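Colleague: What follows is a structure written as C-alpha cells; I'll ask about it next.
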Amino acid sequence: MKKFIVICALIGLSSTKIPSFLESLLCKSSDPEYEKCVQSSFQKATSYLLKGIPELSVPPMDPFVLPIMVVNRTHNNAVRINAISRNIKVEGARNIIVEKLKADPKKHIGEIRLTLPWAYIEMEYDVTGQLLTIPLQSKGFFKGNFSDTKFLVKGSLETYKKDANEYFRIRKINSKIVIGDGWIKLTAKNPDLQFAADIISNFFNENPQRVLEAVNPIFVETSNEVFRVVADQILANLKASEWLPA
C-alpha cells in the first residue's frame with residue numbers, strides 16, 4: 001500500500017505572461033544551442049528561485065516549506081512507514097551545484113544532475129511502522145543534517161487543453177537520490193516517551209548509510225511526488241507557448 005498527500009505552500013498568483021524580469025531567460029525551441037541556453041538561464045535564475053517567484057507560483061527554495069505531507073508506504077516486511085509530517089522546513093538549496101543539465105525542446109524531455117553539499121531539515125512528525133529491527137511509534141519534533149546528496153532527475157512533459165489553450169504538465173518523472181551522510185535528533189512531545197525517540201535517533205546515527213539505503217525507495221517516491229505537485233502548479237500559470245516560445 002502506498003499513499004502520498006502533499007500540500008505545498010505555493011504563494012502563487014495566477015499569471016498570464018512571463019514576468020518581465022524573466023523574459024530574457026526564456027529559451028526558444030528553435031535555438032540551435034538550446035541546451036546551452038537552458039543551462040545559462042538556470043544559473044541566472046537561481047537568485048529568483050531561492051527567493052521565490054510569486055507571479056508563477058514558485059515557492060522559495062531556501063528555505064523550502066511544506067505545510068503537511070502524509071506518507072503511507074510499505075516497501076517490504078522490514079520497512080513500513082505511516083507518517084504525518086507538518087511544518088517541514090528544508091534549508092541548504094542556496095549551495096546546490098548543477099553538475100549536468102540536458103533538455104530536448106521537441107520531445108519535451110530533460111534531465112538534471114545536482115549535488116546538495118548539505119541540508120538541514122526540521123519538522124513536526126507522527127510516525128508508526130517498522131524500520132529494519134526498530135519498531136516506529138513516536139510523535140514529536142525532528143531535526144537532521146544531511147550531507148553530499150546527489151540527485152539525478154529525469155522527466156518529460158505533455159500538453160493538455162484548457163480554455164482552448166495548450167498547457168504543460170508533468171507526464172513522467174523519475175529520480176535517483178543518494179545521501180552521503182546524515183545525523184538526526186527526535187524530541188518526543190511527551191517527555192515520558194523520549195526513550196523511544198532516542199532509540200530511533202541512535203539507531204539511525206550509529207549507521208546512517210544502512211538506514212538511508214533501506215528507506216531510499218520511499219524517499220525517492222515521496223520526492224518525485226513533491227517535484228510533480230510543485231512543477232504542475234508552476235506550469236499551470238502560463239500557456240505552453242509562453243514557457244517554450246518558437
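Within each chain, counting starts at residue 1; across the C-alpha cells, chains are named A, B, ... in the order shown, with ligands numbered 1 upward in that order.
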Just list as number ranges by chain whatever in range 43-221 of chain A DSSP marks as strand (DSSP E).
Modeller: A: 64-76, 79-91, 97-104, 109-131, 134-162, 165-188
Colleague: Using only C-alpha atoms, which residues of range 169-237 of chain A come within 10 Å of range 109-126 of chain A, and what is the closest atom pair for each, with the distance in Å to one decimal? Give it as JSON lines, sorted by chain and residue number.
Modeller:
{"residue": "A:Ile170", "atom": "CA", "partner": "A:Ile109", "partner_atom": "CA", "distance": 10.0}
{"residue": "A:Arg171", "atom": "CA", "partner": "A:Ile109", "partner_atom": "CA", "distance": 9.5}
{"residue": "A:Lys172", "atom": "CA", "partner": "A:Ile109", "partner_atom": "CA", "distance": 9.2}
{"residue": "A:Ile173", "atom": "CA", "partner": "A:Glu111", "partner_atom": "CA", "distance": 9.5}
{"residue": "A:Asn174", "atom": "CA", "partner": "A:Glu111", "partner_atom": "CA", "distance": 9.4}
{"residue": "A:Ser175", "atom": "CA", "partner": "A:Glu111", "partner_atom": "CA", "distance": 9.2}
{"residue": "A:Lys176", "atom": "CA", "partner": "A:Arg113", "partner_atom": "CA", "distance": 9.5}
{"residue": "A:Ile177", "atom": "CA", "partner": "A:Leu114", "partner_atom": "CA", "distance": 9.6}
{"residue": "A:Val178", "atom": "CA", "partner": "A:Thr115", "partner_atom": "CA", "distance": 9.7}
{"residue": "A:Ile179", "atom": "CA", "partner": "A:Leu116", "partner_atom": "CA", "distance": 9.1}
{"residue": "A:Gly180", "atom": "CA", "partner": "A:Pro117", "partner_atom": "CA", "distance": 9.2}
{"residue": "A:Asp181", "atom": "CA", "partner": "A:Trp118", "partner_atom": "CA", "distance": 9.4}
{"residue": "A:Gly182", "atom": "CA", "partner": "A:Ala119", "partner_atom": "CA", "distance": 9.3}
{"residue": "A:Trp183", "atom": "CA", "partner": "A:Tyr120", "partner_atom": "CA", "distance": 9.8}
{"residue": "A:Ile184", "atom": "CA", "partner": "A:Ile121", "partner_atom": "CA", "distance": 9.1}
{"residue": "A:Lys185", "atom": "CA", "partner": "A:Glu122", "partner_atom": "CA", "distance": 9.6}
{"residue": "A:Leu186", "atom": "CA", "partner": "A:Tyr125", "partner_atom": "CA", "distance": 9.2}
{"residue": "A:Thr187", "atom": "CA", "partner": "A:Glu124", "partner_atom": "CA", "distance": 9.5}
{"residue": "A:Ala188", "atom": "CA", "partner": "A:Tyr125", "partner_atom": "CA", "distance": 9.4}
{"residue": "A:Lys189", "atom": "CA", "partner": "A:Glu124", "partner_atom": "CA", "distance": 9.5}
Colleague: As a PyMOL selection string, please: the residues near Phe64 in chain A (cut-off 7 Å, only C-alpha atoms, same-chain neighbours under 2 positions excluded).
Modeller: chain A and resi 60-62+66+89-91
Colleague: Can you write just those residues out, N, CA and C atoms, as an mmCIF file, in the first residue's frame?
Modeller:
data_model
loop_
_atom_site.group_PDB
_atom_site.id
_atom_site.type_symbol
_atom_site.label_atom_id
_atom_site.label_comp_id
_atom_site.auth_asym_id
_atom_site.auth_seq_id
_atom_site.Cartn_x
_atom_site.Cartn_y
_atom_site.Cartn_z
ATOM 1 N N PRO A 60 9.604 29.816 -2.388
ATOM 2 C CA PRO A 60 11.035 29.956 -2.081
ATOM 3 C C PRO A 60 11.681 28.579 -1.950
ATOM 4 N N MET A 61 12.854 28.450 -2.542
ATOM 5 C CA MET A 61 13.565 27.186 -2.497
ATOM 6 C C MET A 61 14.466 27.051 -1.276
ATOM 7 N N ASP A 62 14.802 28.187 -0.636
ATOM 8 C CA ASP A 62 15.662 28.106 0.538
ATOM 9 C C ASP A 62 15.301 29.227 1.510
ATOM 10 N N LEU A 66 6.965 22.938 3.393
ATOM 11 C CA LEU A 66 5.749 22.172 3.134
ATOM 12 C C LEU A 66 4.892 22.207 4.397
ATOM 13 N N LYS A 89 10.525 22.162 6.998
ATOM 14 C CA LYS A 89 11.400 23.246 6.546
ATOM 15 C C LYS A 89 12.749 22.663 6.152
ATOM 16 N N VAL A 90 13.157 22.935 4.908
ATOM 17 C CA VAL A 90 14.416 22.410 4.383
ATOM 18 C C VAL A 90 15.308 23.577 3.977
ATOM 19 N N GLU A 91 16.510 23.629 4.518
ATOM 20 C CA GLU A 91 17.482 24.666 4.168
ATOM 21 C C GLU A 91 18.699 24.037 3.504
#
Colleague: For Thr46 in chain A, list every protein, DNA or RNA residue within 10 Å, evaluated using only C-alpha atoms, and leave out those in the same chain fewer than 3 positions away; present the list as a PyMOL selection string.
Modeller: chain A and resi 41-43+49-52+61+93-94+96
Colleague: When you count only C-alpha atoms, which of these residues is closest to Val153 in chain A: A:Lys100, A:Arg169, A:Lys139, A:His75?
Modeller: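 Among the listed residues, the smallest separation from Val153 in chain A belongs to A:Lys100.
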Colleague: Near Leu22 in chain A, counting only C-alpha atoms, which residues have an atom at most 8 Å away, once you skip same-chain residues fewer than 4 positions from it, shown as number ranges by chain?
Modeller: A: 18, 26, 45
Colleague: Report the distance between CA of Glu35 in chain A and CA of Leu157 in chain A in Å, rounded to one decimal place.
Modeller: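 Computing it gives 16.3 Å between the two atoms.
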Colleague: What is the distance, in Å and to one decimal place, between CA of Pro67 in chain A and CA of Val226 in chain A?
Modeller: 12.2 Å
Colleague: Between A:Leu136, A:Val65, A:Val38, A:Leu212, which residue has the minimum interatomic distance to Leu101 in chain A, considering only C-alpha atoms?
Modeller: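 For Leu101 in chain A, the nearest of the candidates is A:Val38.
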Colleague: At a cut-off of 12 Å, using only C-alpha atoms, what residues contact Gln130 in chain A? Leave out same-chain residues fewer than 2 positions from it and give the result as number ranges by chain.
Modeller: A: 72-83, 127-128, 132-138, 200, 211, 214-215
Colleague: Could the residues in this selection be saved with N, CA and C atoms as a compact mmCIF listing (two decimals), in the first residue's frame?
Modeller:
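Below is the file result-v4.txt, written as the result:
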# COMPACT_ATOMS: atom_id res chain seq x y z
N ASN A 72 2.17 6.91 3.52
CA ASN A 72 1.75 5.59 4.00
C ASN A 72 2.30 4.58 3.01
N ARG A 73 3.42 3.97 3.35
CA ARG A 73 4.15 3.17 2.37
C ARG A 73 4.76 1.94 3.01
N THR A 74 4.56 0.80 2.38
CA THR A 74 5.21 -0.44 2.78
C THR A 74 6.17 -0.84 1.68
N HIS A 75 7.46 -0.82 1.99
CA HIS A 75 8.46 -1.22 1.00
C HIS A 75 8.67 -2.73 1.03
N ASN A 76 8.83 -3.27 2.23
CA ASN A 76 8.94 -4.71 2.43
C ASN A 76 8.60 -5.00 3.89
N ASN A 77 8.79 -6.23 4.32
CA ASN A 77 8.43 -6.57 5.70
C ASN A 77 9.23 -5.81 6.74
N ALA A 78 10.41 -5.33 6.32
CA ALA A 78 11.29 -4.66 7.28
C ALA A 78 11.15 -3.14 7.27
N VAL A 79 10.47 -2.60 6.26
CA VAL A 79 10.35 -1.14 6.17
C VAL A 79 8.89 -0.77 5.87
N ARG A 80 8.22 -0.27 6.89
CA ARG A 80 6.85 0.22 6.77
C ARG A 80 6.77 1.58 7.45
N ILE A 81 6.29 2.56 6.73
CA ILE A 81 6.23 3.90 7.30
C ILE A 81 4.84 4.49 7.08
N ASN A 82 4.22 4.86 8.16
CA ASN A 82 2.95 5.58 8.14
C ASN A 82 3.20 6.87 8.92
N ALA A 83 3.32 7.98 8.21
CA ALA A 83 3.77 9.21 8.87
C ALA A 83 2.99 10.42 8.41
N VAL A 127 4.76 9.26 13.57
CA VAL A 127 5.11 8.11 12.75
C VAL A 127 4.86 6.80 13.47
N THR A 128 4.40 5.82 12.70
CA THR A 128 4.31 4.44 13.16
C THR A 128 4.84 3.55 12.04
N LEU A 132 13.63 -1.63 9.76
CA LEU A 132 14.56 -2.74 9.97
C LEU A 132 14.23 -3.41 11.30
N THR A 133 15.12 -3.37 12.28
CA THR A 133 14.85 -4.05 13.55
C THR A 133 14.17 -3.16 14.58
N ILE A 134 13.88 -1.92 14.21
CA ILE A 134 13.34 -0.96 15.17
C ILE A 134 11.86 -0.67 14.88
N PRO A 135 10.97 -0.91 15.86
CA PRO A 135 9.58 -0.51 15.66
C PRO A 135 9.47 1.01 15.75
N LEU A 136 8.64 1.58 14.89
CA LEU A 136 8.45 3.02 14.87
C LEU A 136 7.12 3.37 15.53
N GLN A 137 7.18 4.13 16.57
CA GLN A 137 5.98 4.68 17.19
C GLN A 137 6.41 5.88 18.01
N SER A 138 6.31 7.05 17.36
CA SER A 138 6.83 8.25 18.01
C SER A 138 6.11 9.48 17.45
N ILE A 200 15.22 5.42 18.20
CA ILE A 200 15.18 5.64 16.75
C ILE A 200 16.35 6.51 16.31
N VAL A 211 20.46 2.71 7.17
CA VAL A 211 19.08 3.17 7.24
C VAL A 211 18.70 3.93 5.97
N ALA A 214 17.91 1.62 3.23
CA ALA A 214 16.66 0.90 3.44
C ALA A 214 15.45 1.76 3.10
N VAL A 215 15.49 3.04 3.43
CA VAL A 215 14.34 3.91 3.20
C VAL A 215 14.41 4.65 1.87
Colleague: Which distance in Å separates CA of Glu225 in chain A and CA of Lys28 in chain A, to one decimal?
Modeller: 28.5 Å
Colleague: Apply DSSP to the structure's backbone, then extract all residues of range 51-145 of chain A labelled helix (DSSP H, G or I) and return them as an NGL selection string.
Modeller: :A and (51 or 54-56 or 93-95)
Colleague: Restricting the calculation to only C-alpha atoms: of A:Lys154, A:Ile88, A:Lys143, A:Val71, which residue gets closest to Phe219 in chain A?
Modeller: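 Nearest to Phe219 in chain A: A:Val71.
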